[in-house]
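Structure below is structure-v2.csv: CSV, N, CA and C atoms.
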```csv
chain,number,residue,atom,x,y,z
V,717,MET,N,48.6,4.5,6.7
V,717,MET,CA,48.0,4.5,8.1
V,717,MET,C,47.5,5.8,8.5
V,718,ARG,N,48.0,6.8,8.0
V,718,ARG,CA,47.6,8.2,8.5
V,718,ARG,C,46.1,8.4,8.1
V,719,GLY,N,45.7,7.9,6.9
V,719,GLY,CA,44.3,8.1,6.5
V,719,GLY,C,43.3,7.4,7.4
V,720,CYS,N,43.6,6.3,7.9
V,720,CYS,CA,42.7,5.5,8.8
V,720,CYS,C,42.6,6.2,10.2
V,721,ARG,N,43.7,6.8,10.6
V,721,ARG,CA,43.7,7.5,11.9
V,721,ARG,C,42.8,8.7,11.8
V,722,SER,N,42.8,9.4,10.7
V,722,SER,CA,42.0,10.6,10.6
V,722,SER,C,40.5,10.2,10.6
V,723,LEU,N,40.1,9.0,10.1
V,723,LEU,CA,38.7,8.6,10.2
V,723,LEU,C,38.3,8.3,11.6
V,724,LEU,N,39.2,7.8,12.4
V,724,LEU,CA,38.8,7.4,13.8
V,724,LEU,C,39.0,8.6,14.8
V,725,ASP,N,39.5,9.7,14.3
V,725,ASP,CA,39.6,10.8,15.2
V,725,ASP,C,38.3,11.5,15.5
V,726,PRO,N,37.9,11.5,16.8
V,726,PRO,CA,36.5,12.0,17.1
V,726,PRO,C,36.4,13.5,16.8
V,727,ARG,N,37.5,14.3,16.7
V,727,ARG,CA,37.3,15.7,16.4
V,727,ARG,C,36.9,15.9,14.9
V,728,LYS,N,37.2,14.9,14.1
V,728,LYS,CA,36.9,15.1,12.7
V,728,LYS,C,35.5,14.6,12.3
V,729,SER,N,34.8,13.9,13.2
V,729,SER,CA,33.5,13.3,12.9
V,729,SER,C,32.4,14.1,13.7
V,730,GLN,N,32.7,15.2,14.2
V,730,GLN,CA,31.6,16.0,14.9
V,730,GLN,C,30.6,16.4,13.9
V,731,GLY,N,29.3,16.3,14.3
V,731,GLY,CA,28.2,16.7,13.4
V,731,GLY,C,27.6,15.6,12.6
V,732,TYR,N,28.3,14.5,12.5
V,732,TYR,CA,27.7,13.4,11.7
V,732,TYR,C,26.5,12.7,12.4
V,733,ALA,N,26.5,12.6,13.7
V,733,ALA,CA,25.4,12.0,14.4
V,733,ALA,C,24.1,12.9,14.2
V,734,ILE,N,24.3,14.2,14.2
V,734,ILE,CA,23.1,15.0,14.0
V,734,ILE,C,22.6,14.9,12.6
V,735,ALA,N,23.5,14.8,11.7
V,735,ALA,CA,23.1,14.7,10.3
V,735,ALA,C,22.4,13.3,10.1
V,736,GLU,N,22.9,12.3,10.7
V,736,GLU,CA,22.2,11.0,10.5
V,736,GLU,C,20.9,11.0,11.2
V,737,LEU,N,20.8,11.6,12.4
V,737,LEU,CA,19.5,11.7,13.0
V,737,LEU,C,18.5,12.5,12.2
V,738,ALA,N,18.9,13.6,11.5
V,738,ALA,CA,18.0,14.4,10.7
V,738,ALA,C,17.5,13.6,9.5
V,739,VAL,N,18.3,12.6,9.1
V,739,VAL,CA,17.8,11.8,8.0
V,739,VAL,C,16.9,10.7,8.5
V,740,VAL,N,17.2,10.1,9.6
V,740,VAL,CA,16.5,8.9,10.1
V,740,VAL,C,15.2,9.3,10.8
V,741,LEU,N,15.1,10.4,11.5
V,741,LEU,CA,14.0,10.8,12.3
V,741,LEU,C,12.7,10.9,11.5
V,742,PRO,N,12.6,11.5,10.3
V,742,PRO,CA,11.4,11.5,9.6
V,742,PRO,C,10.9,10.1,9.2
V,743,ALA,N,11.8,9.2,8.9
V,743,ALA,CA,11.4,7.8,8.6
V,743,ALA,C,10.8,7.1,9.8
V,744,ILE,N,11.4,7.4,11.0
V,744,ILE,CA,10.9,6.8,12.2
V,744,ILE,C,9.5,7.3,12.5
V,745,VAL,N,9.3,8.6,12.3
V,745,VAL,CA,8.0,9.2,12.6
V,745,VAL,C,6.9,8.6,11.6
V,746,MET,N,7.3,8.5,10.3
V,746,MET,CA,6.4,7.9,9.3
V,746,MET,C,6.1,6.5,9.6
V,747,VAL,N,7.0,5.7,10.0
V,747,VAL,CA,6.7,4.3,10.4
V,747,VAL,C,5.8,4.2,11.6
V,748,ALA,N,6.0,5.1,12.6
V,748,ALA,CA,5.1,5.2,13.7
V,748,ALA,C,3.7,5.5,13.3
V,749,PHE,N,3.5,6.5,12.4
V,749,PHE,CA,2.2,6.9,11.9
V,749,PHE,C,1.5,5.7,11.2
V,750,ILE,N,2.3,5.0,10.4
V,750,ILE,CA,1.7,3.9,9.6
V,750,ILE,C,1.3,2.8,10.6
V,751,GLY,N,2.1,2.6,11.6
V,751,GLY,CA,1.7,1.6,12.6
V,751,GLY,C,0.4,2.0,13.4
V,752,LEU,N,0.3,3.2,13.7
V,752,LEU,CA,-0.9,3.7,14.4
V,752,LEU,C,-2.1,3.6,13.5
V,753,TRP,N,-1.9,3.9,12.2
V,753,TRP,CA,-3.0,3.8,11.2
V,753,TRP,C,-3.4,2.3,11.1
V,754,GLY,N,-2.5,1.4,11.0
V,754,GLY,CA,-2.8,0.0,11.0
V,754,GLY,C,-3.6,-0.5,12.2
V,755,MET,N,-3.3,0.0,13.4
V,755,MET,CA,-4.0,-0.3,14.6
V,755,MET,C,-5.4,0.3,14.5
V,756,SER,N,-5.5,1.5,13.9
V,756,SER,CA,-6.9,2.1,13.7
V,756,SER,C,-7.7,1.3,12.8
V,757,VAL,N,-7.1,0.8,11.7
V,757,VAL,CA,-7.9,0.0,10.8
V,757,VAL,C,-8.4,-1.3,11.5
V,758,GLY,N,-7.5,-1.9,12.3
V,758,GLY,CA,-7.9,-3.1,13.0
V,758,GLY,C,-9.1,-2.8,14.0
V,759,ALA,N,-8.9,-1.7,14.7
V,759,ALA,CA,-10.0,-1.4,15.7
V,759,ALA,C,-11.3,-1.1,15.0
V,760,THR,N,-11.2,-0.4,13.8
V,760,THR,CA,-12.4,-0.1,13.1
V,760,THR,C,-13.1,-1.4,12.6
V,761,ASN,N,-12.3,-2.4,12.2
V,761,ASN,CA,-12.8,-3.6,11.7
V,761,ASN,C,-13.6,-4.3,12.9
V,762,ILE,N,-13.0,-4.4,14.0
V,762,ILE,CA,-13.6,-5.0,15.2
V,762,ILE,C,-14.9,-4.3,15.6
V,763,LYS,N,-14.9,-2.9,15.5
V,763,LYS,CA,-16.1,-2.1,15.8
V,763,LYS,C,-17.2,-2.4,14.8
V,764,LEU,N,-16.9,-2.5,13.5
V,764,LEU,CA,-17.9,-2.7,12.5
V,764,LEU,C,-18.5,-4.1,12.7
V,765,ARG,N,-17.7,-5.1,13.0
V,765,ARG,CA,-18.2,-6.5,13.1
V,765,ARG,C,-19.1,-6.5,14.3
V,766,ASP,N,-18.8,-5.9,15.4
V,766,ASP,CA,-19.6,-5.9,16.6
V,766,ASP,C,-20.9,-5.2,16.3
V,767,MET,N,-20.8,-4.1,15.6
V,767,MET,CA,-22.0,-3.3,15.3
V,767,MET,C,-23.0,-4.0,14.4
V,768,THR,N,-22.4,-4.7,13.3
V,768,THR,CA,-23.3,-5.4,12.4
V,768,THR,C,-24.0,-6.6,13.1
V,769,MET,N,-23.2,-7.3,14.0
V,769,MET,CA,-23.8,-8.4,14.7
V,769,MET,C,-25.0,-8.0,15.6
V,770,THR,N,-24.7,-6.8,16.3
V,770,THR,CA,-25.8,-6.3,17.2
V,770,THR,C,-27.0,-5.9,16.5
V,771,ILE,N,-26.8,-5.2,15.4
V,771,ILE,CA,-28.0,-4.7,14.6
V,771,ILE,C,-28.7,-5.9,14.0
V,772,ALA,N,-28.0,-6.9,13.4
V,772,ALA,CA,-28.6,-8.1,12.8
V,772,ALA,C,-29.4,-8.9,13.9
V,773,ARG,N,-28.9,-9.1,15.0
V,773,ARG,CA,-29.6,-9.8,16.1
V,773,ARG,C,-30.9,-9.0,16.6
V,774,SER,N,-30.7,-7.7,16.7
V,774,SER,CA,-31.9,-6.9,17.2
V,774,SER,C,-33.0,-6.9,16.1
V,775,ALA,N,-32.6,-6.8,14.9
V,775,ALA,CA,-33.6,-6.8,13.8
V,775,ALA,C,-34.2,-8.2,13.7
V,776,ALA,N,-33.5,-9.2,13.9
V,776,ALA,CA,-34.1,-10.6,13.8
V,776,ALA,C,-35.1,-10.8,14.9
V,777,ARG,N,-34.8,-10.2,16.1
V,777,ARG,CA,-35.8,-10.3,17.2
V,777,ARG,C,-37.0,-9.5,17.0
V,778,GLY,N,-37.0,-8.5,16.1
V,778,GLY,CA,-38.1,-7.6,15.9
V,778,GLY,C,-38.0,-6.3,16.6
V,779,ASP,N,-36.8,-6.1,17.2
V,779,ASP,CA,-36.6,-4.8,18.0
V,779,ASP,C,-36.3,-3.7,17.0
V,780,ALA,N,-36.6,-2.5,17.4
V,780,ALA,CA,-36.3,-1.3,16.6
V,780,ALA,C,-34.8,-1.0,16.5
V,781,VAL,N,-34.3,-0.9,15.3
V,781,VAL,CA,-32.8,-0.7,15.1
V,781,VAL,C,-32.5,0.7,14.5
V,782,SER,N,-33.5,1.5,14.4
V,782,SER,CA,-33.3,2.8,13.7
V,782,SER,C,-32.4,3.7,14.5
V,783,ASP,N,-32.4,3.6,15.9
V,783,ASP,CA,-31.5,4.4,16.7
V,783,ASP,C,-30.0,4.0,16.5
V,784,GLN,N,-29.8,2.7,16.4
V,784,GLN,CA,-28.5,2.1,16.2
V,784,GLN,C,-28.0,2.5,14.8
V,785,ILE,N,-28.8,2.5,13.8
V,785,ILE,CA,-28.4,2.8,12.5
V,785,ILE,C,-28.1,4.3,12.4
V,786,ASP,N,-28.9,5.2,13.1
V,786,ASP,CA,-28.6,6.6,13.1
V,786,ASP,C,-27.3,6.9,13.8
V,787,SER,N,-27.1,6.2,14.9
V,787,SER,CA,-25.8,6.4,15.6
V,787,SER,C,-24.6,6.0,14.7
V,788,ALA,N,-24.8,5.0,14.0
V,788,ALA,CA,-23.7,4.6,13.1
V,788,ALA,C,-23.4,5.6,12.0
V,789,HIS,N,-24.5,6.2,11.4
V,789,HIS,CA,-24.4,7.2,10.4
V,789,HIS,C,-23.7,8.4,10.9
V,790,LYS,N,-24.0,8.8,12.2
V,790,LYS,CA,-23.3,9.9,12.8
V,790,LYS,C,-21.8,9.7,12.9
V,791,GLN,N,-21.4,8.5,13.0
V,791,GLN,CA,-20.0,8.2,13.1
V,791,GLN,C,-19.3,8.0,11.8
V,792,GLY,N,-20.0,8.2,10.7
V,792,GLY,CA,-19.5,8.1,9.4
V,792,GLY,C,-19.5,6.7,8.8
V,793,ILE,N,-20.3,5.8,9.4
V,793,ILE,CA,-20.4,4.4,9.0
V,793,ILE,C,-21.6,4.3,8.1
V,794,ASP,N,-21.4,3.7,6.9
V,794,ASP,CA,-22.6,3.4,6.0
V,794,ASP,C,-23.1,2.0,6.4
V,795,ILE,N,-24.4,2.0,6.7
V,795,ILE,CA,-25.1,0.7,7.1
V,795,ILE,C,-26.2,0.4,6.1
V,796,HIS,N,-26.2,-0.8,5.6
V,796,HIS,CA,-27.3,-1.2,4.7
V,796,HIS,C,-27.9,-2.5,5.3
V,797,MET,N,-29.2,-2.5,5.5
V,797,MET,CA,-29.8,-3.7,6.1
V,797,MET,C,-30.9,-4.2,5.1
V,798,THR,N,-30.8,-5.5,4.8
V,798,THR,CA,-31.8,-6.1,3.9
V,798,THR,C,-32.4,-7.3,4.7
V,799,THR,N,-33.7,-7.5,4.4
V,799,THR,CA,-34.4,-8.7,5.0
V,799,THR,C,-35.0,-9.5,3.9
V,800,ASP,N,-34.8,-10.8,3.9
V,800,ASP,CA,-35.5,-11.6,3.0
V,800,ASP,C,-36.5,-12.5,3.8
V,801,SER,N,-37.0,-13.6,3.2
V,801,SER,CA,-38.0,-14.4,3.9
V,801,SER,C,-37.5,-15.0,5.2
V,802,GLU,N,-36.2,-15.3,5.4
V,802,GLU,CA,-35.7,-16.0,6.6
V,802,GLU,C,-34.6,-15.3,7.3
V,803,LEU,N,-33.9,-14.4,6.6
V,803,LEU,CA,-32.7,-13.8,7.1
V,803,LEU,C,-32.7,-12.3,7.1
V,804,VAL,N,-31.9,-11.8,8.0
V,804,VAL,CA,-31.6,-10.3,8.1
V,804,VAL,C,-30.1,-10.2,7.8
V,805,HIS,N,-29.8,-9.4,6.7
V,805,HIS,CA,-28.4,-9.1,6.4
V,805,HIS,C,-28.1,-7.7,6.7
V,806,VAL,N,-26.9,-7.5,7.4
V,806,VAL,CA,-26.5,-6.1,7.7
V,806,VAL,C,-25.1,-6.0,7.2
V,807,ASP,N,-24.8,-4.9,6.3
V,807,ASP,CA,-23.5,-4.6,5.8
V,807,ASP,C,-23.1,-3.2,6.3
V,808,ALA,N,-21.9,-3.1,6.7
V,808,ALA,CA,-21.4,-1.8,7.2
V,808,ALA,C,-20.0,-1.5,6.5
V,809,MET,N,-19.8,-0.2,6.2
V,809,MET,CA,-18.5,0.2,5.6
V,809,MET,C,-18.1,1.6,6.2
V,810,LYS,N,-16.8,1.7,6.4
V,810,LYS,CA,-16.2,3.0,6.8
V,810,LYS,C,-14.9,3.1,6.2
V,811,THR,N,-14.5,4.3,5.8
V,811,THR,CA,-13.2,4.6,5.2
V,811,THR,C,-12.3,5.2,6.3
V,812,VAL,N,-11.1,4.5,6.4
V,812,VAL,CA,-10.1,4.9,7.3
V,812,VAL,C,-9.0,5.5,6.5
V,813,SER,N,-8.6,6.8,6.7
V,813,SER,CA,-7.6,7.4,5.9
V,813,SER,C,-6.4,7.8,6.8
V,814,LEU,N,-5.2,7.7,6.2
V,814,LEU,CA,-4.0,8.2,6.8
V,814,LEU,C,-3.7,9.6,6.3
V,815,ARG,N,-3.6,10.5,7.2
V,815,ARG,CA,-3.5,11.9,6.8
V,815,ARG,C,-2.0,12.4,7.0
V,816,ILE,N,-1.2,11.9,6.1
V,816,ILE,CA,0.2,12.3,6.0
V,816,ILE,C,0.4,12.9,4.6
V,817,PRO,N,0.9,14.1,4.5
V,817,PRO,CA,0.9,14.7,3.1
V,817,PRO,C,1.6,13.9,2.1
V,818,ILE,N,2.6,13.2,2.4
V,818,ILE,CA,3.4,12.4,1.4
V,818,ILE,C,2.6,11.1,1.1
V,819,PHE,N,2.0,10.5,2.1
V,819,PHE,CA,1.4,9.2,2.0
V,819,PHE,C,0.0,9.3,2.3
V,820,ASN,N,-0.8,9.8,1.4
V,820,ASN,CA,-2.3,10.0,1.6
V,820,ASN,C,-3.0,8.7,1.1
V,821,ARG,N,-3.3,7.9,2.0
V,821,ARG,CA,-3.9,6.6,1.6
V,821,ARG,C,-5.2,6.3,2.4
V,822,ALA,N,-6.2,5.7,1.8
V,822,ALA,CA,-7.4,5.4,2.5
V,822,ALA,C,-7.8,4.0,2.2
V,823,ILE,N,-8.3,3.3,3.2
V,823,ILE,CA,-8.8,1.9,3.1
V,823,ILE,C,-10.2,1.9,3.5
V,824,ASP,N,-11.0,1.2,2.7
V,824,ASP,CA,-12.4,0.9,3.1
V,824,ASP,C,-12.5,-0.3,3.9
V,825,VAL,N,-13.0,-0.2,5.1
V,825,VAL,CA,-13.1,-1.3,6.0
V,825,VAL,C,-14.6,-1.7,6.0
V,826,SER,N,-14.9,-3.0,5.9
V,826,SER,CA,-16.3,-3.4,5.8
V,826,SER,C,-16.5,-4.7,6.6
V,827,ALA,N,-17.7,-4.9,7.0
V,827,ALA,CA,-18.1,-6.0,7.8
V,827,ALA,C,-19.6,-6.3,7.5
V,828,SER,N,-19.9,-7.6,7.6
V,828,SER,CA,-21.3,-8.0,7.4
V,828,SER,C,-21.7,-9.1,8.3
V,829,SER,N,-23.0,-9.1,8.7
V,829,SER,CA,-23.5,-10.2,9.5
V,829,SER,C,-24.9,-10.6,9.1
V,830,THR,N,-25.2,-11.8,9.4
V,830,THR,CA,-26.5,-12.3,9.0
V,830,THR,C,-27.2,-13.0,10.2
V,831,ALA,N,-28.4,-12.8,10.4
V,831,ALA,CA,-29.1,-13.5,11.5
V,831,ALA,C,-30.4,-14.1,11.0
V,832,LEU,N,-30.8,-15.2,11.6
V,832,LEU,CA,-32.1,-15.9,11.3
V,832,LEU,C,-33.2,-15.2,12.0
V,833,LEU,N,-34.3,-14.9,11.3
V,833,LEU,CA,-35.4,-14.3,12.0
V,833,LEU,C,-35.9,-15.2,13.1
V,834,GLU,N,-36.2,-14.7,14.2
V,834,GLU,CA,-36.6,-15.5,15.4
V,834,GLU,C,-37.9,-16.1,15.3
V,835,SER,N,-38.8,-15.5,14.6
V,835,SER,CA,-40.2,-16.1,14.4
V,835,SER,C,-40.1,-17.4,13.7
V,836,LEU,N,-39.0,-17.5,12.8
V,836,LEU,CA,-38.9,-18.8,12.1
V,836,LEU,C,-38.1,-19.8,12.9
V,837,SER,N,-37.1,-19.3,13.7
V,837,SER,CA,-36.2,-20.2,14.4
V,837,SER,C,-36.9,-20.8,15.7
V,838,THR,N,-38.0,-20.2,16.2
V,838,THR,CA,-38.6,-20.7,17.4
V,838,THR,C,-39.8,-21.5,17.1
V,839,GLY,N,-40.2,-21.6,15.8
V,839,GLY,CA,-41.4,-22.4,15.5
V,839,GLY,C,-41.2,-23.9,15.7
V,840,ALA,N,-42.3,-24.6,15.9
V,840,ALA,CA,-42.1,-26.1,16.1
V,840,ALA,C,-42.1,-26.9,14.9
```
Show the structure stored in the file as C-alpha coordinates.
Amino acid sequence: MRGCRSLLDPRKSQGYAIAELAVVLPAIVMVAFIGLWGMSVGATNIKLRDMTMTIARSAARGDAVSDQIDSAHKQGIDIHMTTDSELVHVDAMKTVSLRIPIFNRAIDVSASSTALLESLSTGA
(Lines of atoms letter the chains of each structure in order from A and count residues from 1; the text may use other names and numbers.)
(Lines give C-alpha, C1' and ligand atoms only; values in the text may rest on other atoms or scores of the structure.)
Protein backbone atom coordinates (compact mmCIF):
# COMPACT_ATOMS: atom_id res chain seq x y z
CA MET A 1 0.00 0.00 0.00
CA ARG A 2 2.83 2.34 0.65
CA GLY A 3 3.81 2.38 -3.07
CA CYS A 4 0.32 3.44 -4.17
CA ARG A 5 0.22 6.30 -1.70
CA SER A 6 3.49 7.65 -2.99
CA LEU A 7 2.05 7.82 -6.52
CA LEU A 8 -0.96 9.81 -5.31
CA ASP A 9 1.08 12.23 -3.25
CA PRO A 10 0.90 15.65 -5.00
CA ARG A 11 4.35 16.60 -3.71
CA LYS A 12 5.95 13.74 -5.65
CA SER A 13 4.26 14.58 -9.01
CA GLN A 14 5.35 18.20 -9.33
CA GLY A 15 6.63 19.05 -12.79
CA TYR A 16 4.83 16.28 -14.65
CA ALA A 17 2.17 18.64 -16.00
CA ILE A 18 4.81 20.93 -17.49
CA ALA A 19 6.61 17.99 -19.05
CA GLU A 20 3.38 16.68 -20.55
CA LEU A 21 2.54 20.14 -21.88
CA ALA A 22 6.00 20.40 -23.45
CA VAL A 23 5.36 17.15 -25.29
CA VAL A 24 1.77 17.89 -26.37
CA LEU A 25 2.06 21.59 -27.29
CA PRO A 26 4.09 21.11 -30.52
CA ALA A 27 1.61 18.49 -31.69
CA ILE A 28 -1.32 20.84 -31.04
CA VAL A 29 0.41 23.65 -32.96
CA MET A 30 1.15 21.32 -35.87
CA VAL A 31 -2.47 20.12 -36.03
CA ALA A 32 -3.62 23.76 -36.02
CA PHE A 33 -1.27 24.62 -38.91
CA ILE A 34 -2.45 21.61 -40.91
CA GLY A 35 -6.07 22.62 -40.29
CA LEU A 36 -5.40 26.17 -41.48
CA TRP A 37 -3.58 24.79 -44.51
CA GLY A 38 -6.60 22.62 -45.34
CA MET A 39 -8.85 25.66 -45.11
CA SER A 40 -6.45 27.54 -47.40
CA VAL A 41 -6.60 24.73 -49.96
CA GLY A 42 -10.41 24.82 -49.88
CA ALA A 43 -10.52 28.61 -50.22
CA THR A 44 -8.08 28.46 -53.14
CA ASN A 45 -10.23 25.84 -54.85
CA ILE A 46 -13.33 28.04 -54.55
CA LYS A 47 -11.39 31.07 -55.81
CA LEU A 48 -10.06 29.15 -58.83
CA ARG A 49 -13.50 27.81 -59.75
CA ASP A 50 -15.01 31.29 -59.57
CA MET A 51 -12.17 32.78 -61.60
CA THR A 52 -12.36 30.15 -64.35
CA MET A 53 -16.14 30.52 -64.64
CA THR A 54 -15.86 34.30 -64.91
CA ILE A 55 -13.12 34.17 -67.54
CA ALA A 56 -14.92 31.48 -69.57
CA ARG A 57 -18.19 33.43 -69.58
CA SER A 58 -16.46 36.69 -70.51
CA ALA A 59 -14.52 35.04 -73.33
CA ALA A 60 -17.68 33.35 -74.62
CA ARG A 61 -19.39 36.74 -74.81
CA GLY A 62 -16.46 38.16 -76.73
CA ASP A 63 -15.29 40.46 -73.93
CA ALA A 64 -11.59 41.14 -73.37
CA VAL A 65 -10.19 38.83 -70.71
CA SER A 66 -6.51 39.79 -70.86
CA ASP A 67 -6.80 41.95 -67.71
CA GLN A 68 -8.36 39.09 -65.76
CA ILE A 69 -5.68 36.67 -66.92
CA ASP A 70 -2.90 39.14 -66.06
CA SER A 71 -4.41 39.63 -62.61
CA ALA A 72 -4.44 35.86 -62.08
CA HIS A 73 -0.80 35.53 -63.16
CA LYS A 74 0.18 38.21 -60.63
CA GLN A 75 -1.44 36.09 -57.90
CA GLY A 76 0.63 33.05 -58.93
CA ILE A 77 -2.20 31.30 -60.77
CA ASP A 78 -1.48 29.57 -64.08
CA ILE A 79 -4.33 30.16 -66.54
CA HIS A 80 -4.68 28.38 -69.88
CA MET A 81 -7.53 29.26 -72.22
CA THR A 82 -8.38 27.38 -75.39
CA THR A 83 -11.14 27.99 -77.87
CA ASP A 84 -12.50 25.52 -80.35
CA SER A 85 -15.37 25.90 -82.82
CA GLU A 86 -18.12 26.02 -80.17
CA LEU A 87 -16.58 26.17 -76.70
CA VAL A 88 -14.18 28.16 -74.56
CA HIS A 89 -12.16 26.08 -72.07
CA VAL A 90 -10.35 27.73 -69.16
CA ASP A 91 -7.99 25.79 -66.88
CA ALA A 92 -6.36 27.25 -63.77
CA MET A 93 -3.80 25.84 -61.33
CA LYS A 94 -2.10 27.13 -58.21
CA THR A 95 0.27 25.41 -55.78
CA VAL A 96 -0.61 25.77 -52.10
CA SER A 97 2.24 24.83 -49.78
CA LEU A 98 2.49 24.28 -46.04
CA ARG A 99 5.61 25.96 -44.73
CA ILE A 100 6.49 23.94 -41.65
CA PRO A 101 10.12 22.72 -41.57
CA ILE A 102 9.25 19.16 -40.60
CA PHE A 103 6.18 18.82 -42.83
CA ASN A 104 6.98 20.57 -46.11
CA ARG A 105 4.10 19.60 -48.38
CA ALA A 106 2.54 21.24 -51.42
CA ILE A 107 -0.71 20.51 -53.22
CA ASP A 108 -1.60 21.60 -56.73
CA VAL A 109 -5.14 22.93 -56.74
CA SER A 110 -6.82 23.15 -60.13
CA ALA A 111 -10.15 24.08 -61.64
CA SER A 112 -11.60 24.22 -65.11
CA SER A 113 -14.67 25.70 -66.73
CA THR A 114 -16.24 25.56 -70.15
CA ALA A 115 -18.66 27.99 -71.78
CA LEU A 116 -20.56 27.89 -75.05
CA LEU A 117 -19.74 30.72 -77.43
CA GLU A 118 -22.69 33.11 -77.39
CA SER A 119 -22.70 33.72 -81.12
CA LEU A 120 -23.61 30.04 -81.50
CA SER A 121 -26.06 29.85 -78.60
CA THR A 122 -28.14 32.88 -79.66
CA GLY A 123 -28.56 31.81 -83.28
CA ALA A 124 -32.00 30.79 -84.56
**All residues 12 Å or closer to V:Ser782, only C-alpha atoms, same chain fewer than 3 positions away omitted, as a list in words** = Ile771, Ala772, Ser774, Ala775, Gly778, Asp779, Ile785, Asp786, Ser787, Ala788, His789, Ile795, His796 and Met797 of chain V
**Request:** Counting only C-alpha atoms, note down every residue that has an atom within 9 Å of the point (-15.5, 8.4, 13.2) (file coordinates), as a PyMOL selection string.
**Result:** chain V and resi 790-793+810+812
**Asked** Could you state the separation of atom CA of V:Ala776 and atom CA of V:Asp794 in Å, given to one decimal place?
**Response**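 Distance reported for this atom pair: 19.7 Å.
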Leaving out stretch 737-746 of chain V and any residue of its chain fewer than 2 positions from it, which residues lie within 12 Å of it when counting only C-alpha atoms, given as an mmCIF file with N, CA and C atoms, in the frame of the given file?
```cif
data_model
loop_
_atom_site.group_PDB
_atom_site.id
_atom_site.type_symbol
_atom_site.label_atom_id
_atom_site.label_comp_id
_atom_site.auth_asym_id
_atom_site.auth_seq_id
_atom_site.Cartn_x
_atom_site.Cartn_y
_atom_site.Cartn_z
ATOM 1 N N GLY V 731 29.300 16.300 14.300
ATOM 2 C CA GLY V 731 28.200 16.700 13.400
ATOM 3 C C GLY V 731 27.600 15.600 12.600
ATOM 4 N N TYR V 732 28.300 14.500 12.500
ATOM 5 C CA TYR V 732 27.700 13.400 11.700
ATOM 6 C C TYR V 732 26.500 12.700 12.400
ATOM 7 N N ALA V 733 26.500 12.600 13.700
ATOM 8 C CA ALA V 733 25.400 12.000 14.400
ATOM 9 C C ALA V 733 24.100 12.900 14.200
ATOM 10 N N ILE V 734 24.300 14.200 14.200
ATOM 11 C CA ILE V 734 23.100 15.000 14.000
ATOM 12 C C ILE V 734 22.600 14.900 12.600
ATOM 13 N N ALA V 735 23.500 14.800 11.700
ATOM 14 C CA ALA V 735 23.100 14.700 10.300
ATOM 15 C C ALA V 735 22.400 13.300 10.100
ATOM 16 N N ALA V 748 6.000 5.100 12.600
ATOM 17 C CA ALA V 748 5.100 5.200 13.700
ATOM 18 C C ALA V 748 3.700 5.500 13.300
ATOM 19 N N PHE V 749 3.500 6.500 12.400
ATOM 20 C CA PHE V 749 2.200 6.900 11.900
ATOM 21 C C PHE V 749 1.500 5.700 11.200
ATOM 22 N N ILE V 750 2.300 5.000 10.400
ATOM 23 C CA ILE V 750 1.700 3.900 9.600
ATOM 24 C C ILE V 750 1.300 2.800 10.600
ATOM 25 N N GLY V 751 2.100 2.600 11.600
ATOM 26 C CA GLY V 751 1.700 1.600 12.600
ATOM 27 C C GLY V 751 0.400 2.000 13.400
ATOM 28 N N LEU V 752 0.300 3.200 13.700
ATOM 29 C CA LEU V 752 -0.900 3.700 14.400
ATOM 30 C C LEU V 752 -2.100 3.600 13.500
ATOM 31 N N TRP V 753 -1.900 3.900 12.200
ATOM 32 C CA TRP V 753 -3.000 3.800 11.200
ATOM 33 C C TRP V 753 -3.400 2.300 11.100
ATOM 34 N N LEU V 814 -5.200 7.700 6.200
ATOM 35 C CA LEU V 814 -4.000 8.200 6.800
ATOM 36 C C LEU V 814 -3.700 9.600 6.300
ATOM 37 N N ARG V 815 -3.600 10.500 7.200
ATOM 38 C CA ARG V 815 -3.500 11.900 6.800
ATOM 39 C C ARG V 815 -2.000 12.400 7.000
ATOM 40 N N ILE V 816 -1.200 11.900 6.100
ATOM 41 C CA ILE V 816 0.200 12.300 6.000
ATOM 42 C C ILE V 816 0.400 12.900 4.600
ATOM 43 N N PRO V 817 0.900 14.100 4.500
ATOM 44 C CA PRO V 817 0.900 14.700 3.100
ATOM 45 C C PRO V 817 1.600 13.900 2.100
ATOM 46 N N ILE V 818 2.600 13.200 2.400
ATOM 47 C CA ILE V 818 3.400 12.400 1.400
ATOM 48 C C ILE V 818 2.600 11.100 1.100
ATOM 49 N N PHE V 819 2.000 10.500 2.100
ATOM 50 C CA PHE V 819 1.400 9.200 2.000
ATOM 51 C C PHE V 819 0.000 9.300 2.300
ATOM 52 N N ASN V 820 -0.800 9.800 1.400
ATOM 53 C CA ASN V 820 -2.300 10.000 1.600
ATOM 54 C C ASN V 820 -3.000 8.700 1.100
#
```
**Asked** What does the distance from atom N of V:Glu834 to atom C of V:Met767 come to in Å, to one decimal?
**Response**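 Interatomic distance, atom N of V:Glu834 to atom C of V:Met767: 17.0 Å.
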**Request:** Apply DSSP to the structure's backbone, then extract all residues of stretch 725-834 of chain V labelled alpha helix (DSSP H) and return them as a VMD selection string.
**Result:** chain V and resid 732 to 777 782 to 790 834
**Request:** From a DSSP pass on the backbone, collect the residues of chain V flagged as strand (DSSP E or B) and hand them back as an MDAnalysis selection string.
**Result:** chainID V and resid 794:799 803:815 820:832
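Coordinates place atom CA of V:Arg773 at a distance of 8.3 Å from atom CA of V:Val804.
With distances taken over all atoms listed in the file, V:Met809 is the one residue among V:Ile823, V:Ala831, V:Ala780, V:Met809 lying closest to V:Leu764.
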**Request:** Counting all atoms listed in the file, figure out which residue out of V:Ser801, V:Thr770, V:Ser756, V:Val806 gets nearest to V:Leu833.
**Result:**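 Residue with the minimum atom-to-atom distance to V:Leu833: V:Ser801.
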